[in-house]
$ cat coords-v7.cif   # mmCIF, C-alpha atoms, pLDDT in the B column; chains and numbers go by the auth columns
data_coords
#
loop_
_atom_site.group_PDB
_atom_site.id
_atom_site.type_symbol
_atom_site.label_atom_id
_atom_site.label_comp_id
_atom_site.label_asym_id
_atom_site.label_seq_id
_atom_site.Cartn_x
_atom_site.Cartn_y
_atom_site.Cartn_z
_atom_site.B_iso_or_equiv
_atom_site.auth_seq_id
_atom_site.auth_asym_id
ATOM 1 C CA MET A 1 19.248 18.159 -0.170 46.00 1 A
ATOM 2 C CA ALA A 2 17.586 15.198 -1.876 53.00 2 A
ATOM 3 C CA LYS A 3 20.051 12.830 -0.220 56.00 3 A
ATOM 4 C CA ALA A 4 19.235 14.226 3.228 55.00 4 A
ATOM 5 C CA THR A 5 15.498 13.644 2.783 55.00 5 A
ATOM 6 C CA ALA A 6 16.106 10.194 1.291 54.00 6 A
ATOM 7 C CA LYS A 7 18.200 9.248 4.327 58.00 7 A
ATOM 8 C CA ALA A 8 15.510 10.531 6.680 56.00 8 A
ATOM 9 C CA ALA A 9 12.823 8.639 4.763 59.00 9 A
ATOM 10 C CA ILE A 10 14.598 5.287 4.932 62.00 10 A
ATOM 11 C CA LYS A 11 15.164 5.538 8.655 64.00 11 A
ATOM 12 C CA GLY A 12 13.879 2.401 10.331 62.00 12 A
ATOM 13 C CA ILE A 13 14.485 0.122 7.331 67.00 13 A
ATOM 14 C CA ALA A 14 17.355 -2.347 7.721 64.00 14 A
ATOM 15 C CA ASN A 15 19.858 -2.451 4.799 67.00 15 A
ATOM 16 C CA ALA A 16 18.085 0.476 3.136 66.00 16 A
ATOM 17 C CA GLU A 17 21.140 1.716 1.229 66.00 17 A
ATOM 18 C CA SER A 18 21.387 -1.505 -0.820 69.00 18 A
ATOM 19 C CA MET A 19 17.641 -2.247 -0.966 78.00 19 A
ATOM 20 C CA VAL A 20 15.651 -1.821 -4.159 84.00 20 A
ATOM 21 C CA PHE A 21 12.791 0.675 -3.880 88.00 21 A
ATOM 22 C CA ARG A 22 9.952 0.089 -6.331 91.00 22 A
ATOM 23 C CA ARG A 23 7.699 3.069 -7.129 91.00 23 A
ATOM 24 C CA PHE A 24 4.100 2.522 -8.217 93.00 24 A
ATOM 25 C CA ASP A 25 1.447 4.953 -9.390 92.00 25 A
ATOM 26 C CA ALA A 26 -1.948 4.275 -7.754 92.00 26 A
ATOM 27 C CA ASP A 27 -3.908 6.361 -10.263 91.00 27 A
ATOM 28 C CA GLY A 28 -7.009 4.367 -11.260 88.00 28 A
ATOM 29 C CA GLN A 29 -5.932 1.140 -9.535 92.00 29 A
ATOM 30 C CA VAL A 30 -8.517 -0.945 -7.660 93.00 30 A
ATOM 31 C CA VAL A 31 -7.638 -1.035 -3.950 95.00 31 A
ATOM 32 C CA GLY A 32 -7.796 -4.792 -3.342 94.00 32 A
ATOM 33 C CA ARG A 33 -6.006 -5.867 -6.512 93.00 33 A
ATOM 34 C CA PHE A 34 -3.341 -3.227 -6.049 95.00 34 A
ATOM 35 C CA ALA A 35 -2.829 -4.173 -2.394 96.00 35 A
ATOM 36 C CA SER A 36 -2.397 -7.862 -3.250 95.00 36 A
ATOM 37 C CA GLN A 37 0.346 -7.027 -5.763 94.00 37 A
ATOM 38 C CA ILE A 38 2.115 -4.827 -3.212 96.00 38 A
ATOM 39 C CA ALA A 39 1.831 -7.523 -0.525 96.00 39 A
ATOM 40 C CA LYS A 40 3.545 -10.037 -2.842 95.00 40 A
ATOM 41 C CA ILE A 41 6.415 -7.621 -3.456 95.00 41 A
ATOM 42 C CA LEU A 42 6.830 -6.770 0.251 95.00 42 A
ATOM 43 C CA GLN A 43 7.018 -10.478 1.111 95.00 43 A
ATOM 44 C CA GLY A 44 9.496 -11.166 -1.697 93.00 44 A
ATOM 45 C CA LYS A 45 7.250 -13.703 -3.434 94.00 45 A
ATOM 46 C CA ASP A 46 8.191 -12.221 -6.807 91.00 46 A
ATOM 47 C CA LYS A 47 11.825 -13.329 -6.346 92.00 47 A
ATOM 48 C CA PRO A 48 13.137 -16.826 -7.143 93.00 48 A
ATOM 49 C CA GLN A 49 14.896 -17.059 -3.747 94.00 49 A
ATOM 50 C CA TYR A 50 11.665 -16.552 -1.726 94.00 50 A
ATOM 51 C CA ARG A 51 11.703 -17.956 1.807 94.00 51 A
ATOM 52 C CA PRO A 52 8.617 -17.496 4.015 93.00 52 A
ATOM 53 C CA ASN A 53 10.646 -17.124 7.218 93.00 53 A
ATOM 54 C CA VAL A 54 12.873 -14.293 5.932 91.00 54 A
ATOM 55 C CA ASP A 55 11.940 -10.701 5.114 90.00 55 A
ATOM 56 C CA ASP A 56 13.587 -10.401 1.656 88.00 56 A
ATOM 57 C CA GLY A 57 11.049 -8.224 -0.118 89.00 57 A
ATOM 58 C CA ALA A 58 11.705 -4.932 -1.824 90.00 58 A
ATOM 59 C CA ALA A 59 10.551 -1.627 -0.401 91.00 59 A
ATOM 60 C CA VAL A 60 7.521 -0.084 -2.111 93.00 60 A
ATOM 61 C CA VAL A 61 6.793 3.612 -2.666 92.00 61 A
ATOM 62 C CA VAL A 62 3.231 4.414 -3.777 93.00 62 A
ATOM 63 C CA VAL A 63 2.239 7.835 -5.121 91.00 63 A
ATOM 64 C CA TYR A 64 -1.215 9.329 -5.872 93.00 64 A
ATOM 65 C CA ALA A 65 -3.067 7.397 -3.136 93.00 65 A
ATOM 66 C CA PRO A 66 -6.235 9.572 -3.360 94.00 66 A
ATOM 67 C CA LYS A 67 -6.779 8.339 -6.926 94.00 67 A
ATOM 68 C CA LEU A 68 -7.374 4.731 -5.839 94.00 68 A
ATOM 69 C CA ALA A 69 -10.676 3.239 -6.950 93.00 69 A
ATOM 70 C CA PHE A 70 -13.213 0.911 -5.381 94.00 70 A
ATOM 71 C CA THR A 71 -15.454 -1.340 -7.441 91.00 71 A
ATOM 72 C CA GLY A 72 -19.198 -1.463 -7.067 92.00 72 A
ATOM 73 C CA ARG A 73 -20.704 0.392 -4.097 95.00 73 A
ATOM 74 C CA LYS A 74 -17.789 -0.174 -1.738 95.00 74 A
ATOM 75 C CA MET A 75 -17.081 3.545 -1.415 94.00 75 A
ATOM 76 C CA GLU A 76 -20.391 4.027 0.438 95.00 76 A
ATOM 77 C CA GLN A 77 -20.875 0.558 1.970 96.00 77 A
ATOM 78 C CA LYS A 78 -17.406 -0.504 3.158 96.00 78 A
ATOM 79 C CA THR A 79 -16.717 0.458 6.764 97.00 79 A
ATOM 80 C CA TYR A 80 -13.476 0.692 8.711 96.00 80 A
ATOM 81 C CA ARG A 81 -13.931 -0.158 12.390 96.00 81 A
ATOM 82 C CA TRP A 82 -11.699 0.247 15.435 95.00 82 A
ATOM 83 C CA HIS A 83 -12.154 0.306 19.175 97.00 83 A
ATOM 84 C CA THR A 84 -10.873 3.041 21.468 97.00 84 A
ATOM 85 C CA GLY A 85 -10.510 0.725 24.461 96.00 85 A
ATOM 86 C CA TYR A 86 -13.262 2.405 26.460 97.00 86 A
ATOM 87 C CA PRO A 87 -16.735 0.907 27.057 97.00 87 A
ATOM 88 C CA GLY A 88 -18.918 1.650 24.061 97.00 88 A
ATOM 89 C CA GLY A 89 -15.890 2.880 22.145 97.00 89 A
ATOM 90 C CA LEU A 90 -16.491 1.113 18.841 97.00 90 A
ATOM 91 C CA LYS A 91 -15.899 3.645 16.068 97.00 91 A
ATOM 92 C CA GLU A 92 -16.540 3.247 12.384 97.00 92 A
ATOM 93 C CA ARG A 93 -16.024 5.246 9.228 97.00 93 A
ATOM 94 C CA THR A 94 -17.090 4.641 5.621 97.00 94 A
ATOM 95 C CA ALA A 95 -14.491 4.281 2.880 96.00 95 A
ATOM 96 C CA ALA A 96 -15.573 7.610 1.342 96.00 96 A
ATOM 97 C CA GLU A 97 -15.018 9.430 4.634 97.00 97 A
ATOM 98 C CA GLN A 98 -11.684 7.661 5.185 96.00 98 A
ATOM 99 C CA MET A 99 -10.535 8.672 1.689 95.00 99 A
ATOM 100 C CA ARG A 100 -11.377 12.296 2.518 96.00 100 A
ATOM 101 C CA ARG A 101 -9.512 12.214 5.845 96.00 101 A
ATOM 102 C CA ASP A 102 -6.446 10.107 5.021 95.00 102 A
ATOM 103 C CA PRO A 103 -6.376 8.239 1.690 94.00 103 A
ATOM 104 C CA THR A 104 -3.027 6.624 2.498 95.00 104 A
ATOM 105 C CA GLU A 105 -4.566 4.719 5.413 96.00 105 A
ATOM 106 C CA VAL A 106 -6.972 2.882 3.079 96.00 106 A
ATOM 107 C CA LEU A 107 -4.091 1.291 1.170 96.00 107 A
ATOM 108 C CA ARG A 108 -2.056 0.643 4.323 97.00 108 A
ATOM 109 C CA ARG A 109 -4.925 -1.279 5.928 96.00 109 A
ATOM 110 C CA ALA A 110 -5.568 -3.272 2.763 97.00 110 A
ATOM 111 C CA VAL A 111 -1.914 -4.289 2.424 97.00 111 A
ATOM 112 C CA SER A 112 -1.584 -5.043 6.137 97.00 112 A
ATOM 113 C CA GLY A 113 -4.535 -7.404 5.958 96.00 113 A
ATOM 114 C CA MET A 114 -2.899 -9.320 3.108 96.00 114 A
ATOM 115 C CA LEU A 115 0.456 -9.833 4.805 96.00 115 A
ATOM 116 C CA PRO A 116 1.115 -12.892 6.991 95.00 116 A
ATOM 117 C CA LYS A 117 -0.063 -12.557 10.581 95.00 117 A
ATOM 118 C CA ASN A 118 3.305 -13.116 12.262 93.00 118 A
ATOM 119 C CA ASN A 119 6.281 -11.181 13.585 91.00 119 A
ATOM 120 C CA LEU A 120 7.526 -10.235 10.100 94.00 120 A
ATOM 121 C CA ARG A 121 4.438 -8.138 9.332 95.00 121 A
ATOM 122 C CA ARG A 122 5.741 -5.067 11.156 94.00 122 A
ATOM 123 C CA SER A 123 9.064 -5.052 9.288 93.00 123 A
ATOM 124 C CA MET A 124 7.281 -5.588 5.967 94.00 124 A
ATOM 125 C CA MET A 125 4.872 -2.721 6.656 95.00 125 A
ATOM 126 C CA ARG A 126 7.819 -0.494 7.542 93.00 126 A
ATOM 127 C CA LYS A 127 9.011 -0.907 3.944 92.00 127 A
ATOM 128 C CA LEU A 128 5.717 0.433 2.527 94.00 128 A
ATOM 129 C CA ARG A 129 5.615 4.196 1.967 92.00 129 A
ATOM 130 C CA VAL A 130 2.380 5.737 0.667 94.00 130 A
ATOM 131 C CA TYR A 131 2.118 9.375 -0.476 93.00 131 A
ATOM 132 C CA SER A 132 -0.912 11.435 -1.468 91.00 132 A
ATOM 133 C CA GLY A 133 0.747 13.317 -4.320 87.00 133 A
ATOM 134 C CA ALA A 134 3.638 12.948 -6.732 85.00 134 A
ATOM 135 C CA GLU A 135 6.119 14.316 -4.188 83.00 135 A
ATOM 136 C CA HIS A 136 7.979 11.668 -2.194 84.00 136 A
ATOM 137 C CA ASP A 137 11.172 11.473 -0.168 81.00 137 A
ATOM 138 C CA PHE A 138 12.992 8.998 -2.441 81.00 138 A
ATOM 139 C CA VAL A 139 13.566 11.276 -5.446 76.00 139 A
ATOM 140 C CA GLY A 140 17.366 11.089 -5.275 72.00 140 A
ATOM 141 C CA HIS A 141 17.658 7.461 -4.197 73.00 141 A
ATOM 142 C CA PRO A 142 19.892 5.481 -6.595 73.00 142 A
ATOM 143 C CA ASN A 143 17.896 2.233 -6.257 79.00 143 A
ATOM 144 C CA LEU A 144 14.446 3.716 -6.999 80.00 144 A
ATOM 145 C CA VAL A 145 12.847 1.775 -9.852 82.00 145 A
ATOM 146 C CA PRO A 146 9.578 3.118 -11.322 83.00 146 A
ATOM 147 C CA GLU A 147 7.280 0.230 -12.250 85.00 147 A
ATOM 148 C CA GLU A 148 3.896 -0.193 -13.868 86.00 148 A
ATOM 149 C CA LEU A 149 1.225 -2.725 -13.046 82.00 149 A
ATOM 150 C CA PRO A 150 -0.958 -4.022 -15.864 76.00 150 A
ATOM 151 C CA PRO A 151 -3.946 -1.773 -16.550 73.00 151 A
ATOM 152 C CA ARG A 152 -7.313 -2.528 -15.015 71.00 152 A
ATOM 153 C CA ASN A 153 -9.598 -4.652 -17.207 75.00 153 A
ATOM 154 C CA VAL A 154 -13.138 -3.370 -17.030 75.00 154 A
ATOM 155 C CA ARG A 155 -15.631 -5.890 -18.361 76.00 155 A
ATOM 156 C CA ARG A 156 -18.682 -4.523 -20.098 78.00 156 A
ATOM 157 C CA LYS A 157 -21.992 -6.334 -20.039 76.00 157 A
ATOM 158 C CA LYS A 158 -23.129 -7.471 -23.451 75.00 158 A
ATOM 159 C CA ASP A 159 -26.182 -5.897 -24.973 65.00 159 A
ATOM 160 C CA VAL A 160 -29.263 -7.885 -24.124 56.00 160 A
#
$ encode --input "coords-v7.cif" --output "structure tokens"
Amino acid sequence: MAKATAKAAIKGIANAESMVFRRFDADGQVVGRFASQIAKILQGKDKPQYRPNVDDGAAVVVVYAPKLAFTGRKMEQKTYRWHTGYPGGLKERTAAEQMRRDPTEVLRRAVSGMLPKNNLRRSMMRKLRVYSGAEHDFVGHPNLVPEELPPRNVRRKKDV
């Protein structure tokens, strides 16, 4: 059964059977710093044979998206805007409200903004899979590699 869900999950990704899938845990990671690391991996910039005109990057599976963190007051002050296409149809939502509705969309938008603005962006974004919990569709995939990013360094102000 795990193979059936893994095959359904990799639908739409070219060469998915031989591709390396890297799994990251988003628990406690800062959104922007985490997204920049994921964008590098999706582009293939972490490989020695990187070419900017070829989509060589690995696929990325992210779990625990609701546990992402923002620094400072971004949770209340950062806004996500979009337009419906109708007159006066500008909509906006704070990061806190977006995290309540769909926490995976916060990371998807952050990574999408860090990828190159060309025709390869869509295929790179197709290789990003974000899940809210620990359950994901790639449990039985033979090329799934769990990886860890370095822990977040929190600087403390010195006593005055």
$ closest_residue --input "coords-v7.cif" --among "A:Pro87, A:Pro146, A:Gly44, A:Gly32" --to "Val61 in chain A" --atoms "all atoms listed in the file"
A:Pro146
$ closest_residue --input "coords-v7.cif" --among "A:Lys40, A:Lys67, A:Lys45, A:Arg156" --to "Ala134 in chain A" --atoms "only C-alpha atoms"
A:Lys67
$ residues_around --input "coords-v7.cif" --residues "Asp55 in chain A" --least-positions-apart "6" --cutoff "10 Å" --atoms "all atoms listed in the file" --output "list of chain:residue names"
A:Leu42, A:Gln43, A:Gly44, A:Leu120, A:Arg121, A:Ser123, A:Met124
$ resolve_selection --input "coords-v7.cif" --expression "the PyMOL selection byres ((chain A and resi 108) around 9)" --output "NGL selection string"
:A and (35 or 104-107 or 109-113 or 125 or 128-130)
$ closest_residue --input "coords-v7.cif" --among "A:Ala96, A:Leu115, A:Ala26, A:Leu90" --to "Val63 in chain A" --atoms "all atoms listed in the file"
A:Ala26
$ atom_distance --input "coords-v7.cif" --atom1 "CA of Tyr86 in chain A" --atom2 "CA of Pro103 in chain A"
26.4 Å
$ residues_around --input "coords-v7.cif" --residues "Pro66 in chain A" --least-positions-apart "6" --cutoff "9 Å" --atoms "all atoms listed in the file" --output "list of chain:residue names"
A:Ala26, A:Asp27, A:Met99, A:Arg100, A:Asp102, A:Pro103, A:Thr104, A:Tyr131, A:Ser132, A:Gly133
$ residues_around --input "coords-v7.cif" --residues "range 78-81 of chain A" --least-positions-apart "5" --cutoff "6 Å" --atoms "only C-alpha atoms" --output "PDB file with C-alpha atoms, in the frame of the given file"
ATOM      1  CA  LYS A  91     -15.899   3.645  16.068  1.00 97.00           C
ATOM      2  CA  GLU A  92     -16.540   3.247  12.384  1.00 97.00           C
ATOM      3  CA  ARG A  93     -16.024   5.246   9.228  1.00 97.00           C
ATOM      4  CA  THR A  94     -17.090   4.641   5.621  1.00 97.00           C
ATOM      5  CA  ALA A  95     -14.491   4.281   2.880  1.00 96.00           C
TER       6      ALA A  95
END
$ closest_residue --input "coords-v7.cif" --among "A:Gln29, A:Lys157, A:Glu97, A:Val54" --to "Gln77 in chain A" --atoms "only C-alpha atoms"
A:Glu97
$ closest_residue --input "coords-v7.cif" --among "A:Arg22, A:His136, A:Arg152, A:Lys158" --to "Gly57 in chain A" --atoms "all atoms listed in the file"
A:Arg22
$ closest_residue --input "coords-v7.cif" --among "A:Lys47, A:Asp25, A:Met19, A:Asn53" --to "Pro150 in chain A" --atoms "all atoms listed in the file"
A:Asp25
$ atom_distance --input "coords-v7.cif" --atom1 "CA of Val31 in chain A" --atom2 "CA of Thr71 in chain A"
8.6 Å
$ atom_distance --input "coords-v7.cif" --atom1 "CA of Phe138 in chain A" --atom2 "CA of Val60 in chain A"
10.6 Å
$ axis_aligned_box --input "coords-v7.cif" --around "range 35-46 of chain A" --padding-each-side "4 Å" --output "lines of an AutoDock Vina configuration file"
center_x = 3.3
center_y = -8.9
center_z = -2.8
size_x = 20.3
size_y = 17.5
size_z = 15.9
$ build_atoms --input "coords-v7.cif" --residues "range 122-147 of chain A" --atoms "N, CA and C atoms" --output "PDB file, keeping the file's coordinate frame"
ATOM      1  N   ARG A 122       5.339  -6.429  10.806  1.00 94.00           N
ATOM      2  CA  ARG A 122       5.741  -5.067  11.156  1.00 94.00           C
ATOM      3  C   ARG A 122       6.919  -4.595  10.302  1.00 94.00           C
ATOM      4  N   SER A 123       7.913  -5.464  10.099  1.00 93.00           N
ATOM      5  CA  SER A 123       9.064  -5.052   9.288  1.00 93.00           C
ATOM      6  C   SER A 123       8.684  -4.918   7.818  1.00 93.00           C
ATOM      7  N   MET A 124       7.739  -5.733   7.350  1.00 94.00           N
ATOM      8  CA  MET A 124       7.281  -5.588   5.967  1.00 94.00           C
ATOM      9  C   MET A 124       6.500  -4.288   5.788  1.00 94.00           C
ATOM     10  N   MET A 125       5.651  -3.954   6.752  1.00 95.00           N
ATOM     11  CA  MET A 125       4.872  -2.721   6.656  1.00 95.00           C
ATOM     12  C   MET A 125       5.757  -1.484   6.766  1.00 95.00           C
ATOM     13  N   ARG A 126       6.888  -1.614   7.433  1.00 93.00           N
ATOM     14  CA  ARG A 126       7.819  -0.494   7.542  1.00 93.00           C
ATOM     15  C   ARG A 126       8.422  -0.146   6.182  1.00 93.00           C
ATOM     16  N   LYS A 127       8.444  -1.125   5.270  1.00 92.00           N
ATOM     17  CA  LYS A 127       9.011  -0.907   3.944  1.00 92.00           C
ATOM     18  C   LYS A 127       7.989  -0.360   2.951  1.00 92.00           C
ATOM     19  N   LEU A 128       6.747  -0.143   3.392  1.00 94.00           N
ATOM     20  CA  LEU A 128       5.717   0.433   2.527  1.00 94.00           C
ATOM     21  C   LEU A 128       5.588   1.921   2.829  1.00 94.00           C
ATOM     22  N   ARG A 129       5.766   2.752   1.816  1.00 92.00           N
ATOM     23  CA  ARG A 129       5.615   4.196   1.967  1.00 92.00           C
ATOM     24  C   ARG A 129       4.553   4.659   0.976  1.00 92.00           C
ATOM     25  N   VAL A 130       3.501   5.292   1.494  1.00 94.00           N
ATOM     26  CA  VAL A 130       2.380   5.737   0.667  1.00 94.00           C
ATOM     27  C   VAL A 130       2.292   7.258   0.760  1.00 94.00           C
ATOM     28  N   TYR A 131       2.180   7.923  -0.410  1.00 93.00           N
ATOM     29  CA  TYR A 131       2.118   9.375  -0.476  1.00 93.00           C
ATOM     30  C   TYR A 131       0.870   9.800  -1.235  1.00 93.00           C
ATOM     31  N   SER A 132       0.313  10.938  -0.844  1.00 91.00           N
ATOM     32  CA  SER A 132      -0.912  11.435  -1.468  1.00 91.00           C
ATOM     33  C   SER A 132      -0.669  12.054  -2.839  1.00 91.00           C
ATOM     34  N   GLY A 133       0.470  12.661  -3.048  1.00 87.00           N
ATOM     35  CA  GLY A 133       0.747  13.317  -4.320  1.00 87.00           C
ATOM     36  C   GLY A 133       1.931  12.692  -5.026  1.00 87.00           C
ATOM     37  N   ALA A 134       2.480  13.436  -5.974  1.00 85.00           N
ATOM     38  CA  ALA A 134       3.638  12.948  -6.732  1.00 85.00           C
ATOM     39  C   ALA A 134       4.932  13.137  -5.959  1.00 85.00           C
ATOM     40  N   GLU A 135       4.914  14.039  -4.969  1.00 83.00           N
ATOM     41  CA  GLU A 135       6.119  14.316  -4.188  1.00 83.00           C
ATOM     42  C   GLU A 135       6.369  13.188  -3.192  1.00 83.00           C
ATOM     43  N   HIS A 136       7.602  12.671  -3.188  1.00 84.00           N
ATOM     44  CA  HIS A 136       7.979  11.668  -2.194  1.00 84.00           C
ATOM     45  C   HIS A 136       9.435  11.876  -1.813  1.00 84.00           C
ATOM     46  N   ASP A 137       9.851  11.233  -0.748  1.00 81.00           N
ATOM     47  CA  ASP A 137      11.172  11.473  -0.168  1.00 81.00           C
ATOM     48  C   ASP A 137      12.292  10.687  -0.841  1.00 81.00           C
ATOM     49  N   PHE A 138      11.994   9.872  -1.846  1.00 81.00           N
ATOM     50  CA  PHE A 138      12.992   8.998  -2.441  1.00 81.00           C
ATOM     51  C   PHE A 138      13.423   9.460  -3.825  1.00 81.00           C
ATOM     52  N   VAL A 139      13.271  10.751  -4.115  1.00 76.00           N
ATOM     53  CA  VAL A 139      13.566  11.276  -5.446  1.00 76.00           C
ATOM     54  C   VAL A 139      15.019  11.026  -5.826  1.00 76.00           C
ATOM     55  N   GLY A 140      15.961  11.235  -4.943  1.00 72.00           N
ATOM     56  CA  GLY A 140      17.366  11.089  -5.275  1.00 72.00           C
ATOM     57  C   GLY A 140      17.950   9.731  -4.955  1.00 72.00           C
ATOM     58  N   HIS A 141      17.135   8.775  -4.585  1.00 73.00           N
ATOM     59  CA  HIS A 141      17.658   7.461  -4.197  1.00 73.00           C
ATOM     60  C   HIS A 141      18.134   6.702  -5.433  1.00 73.00           C
ATOM     61  N   PRO A 142      19.352   6.144  -5.400  1.00 73.00           N
ATOM     62  CA  PRO A 142      19.892   5.481  -6.595  1.00 73.00           C
ATOM     63  C   PRO A 142      19.176   4.167  -6.950  1.00 73.00           C
ATOM     64  N   ASN A 143      18.538   3.522  -5.994  1.00 79.00           N
ATOM     65  CA  ASN A 143      17.896   2.233  -6.257  1.00 79.00           C
ATOM     66  C   ASN A 143      16.386   2.342  -6.446  1.00 79.00           C
ATOM     67  N   LEU A 144      15.877   3.525  -6.772  1.00 80.00           N
ATOM     68  CA  LEU A 144      14.446   3.716  -6.999  1.00 80.00           C
ATOM     69  C   LEU A 144      14.107   3.297  -8.426  1.00 80.00           C
ATOM     70  N   VAL A 145      13.225   2.304  -8.546  1.00 82.00           N
ATOM     71  CA  VAL A 145      12.847   1.775  -9.852  1.00 82.00           C
ATOM     72  C   VAL A 145      11.366   2.038 -10.081  1.00 82.00           C
ATOM     73  N   PRO A 146      11.004   2.914 -11.037  1.00 83.00           N
ATOM     74  CA  PRO A 146       9.578   3.118 -11.322  1.00 83.00           C
ATOM     75  C   PRO A 146       9.026   1.908 -12.075  1.00 83.00           C
ATOM     76  N   GLU A 147       7.878   1.410 -11.629  1.00 85.00           N
ATOM     77  CA  GLU A 147       7.280   0.230 -12.250  1.00 85.00           C
ATOM     78  C   GLU A 147       5.817   0.481 -12.546  1.00 85.00           C
TER      79      GLU A 147
END
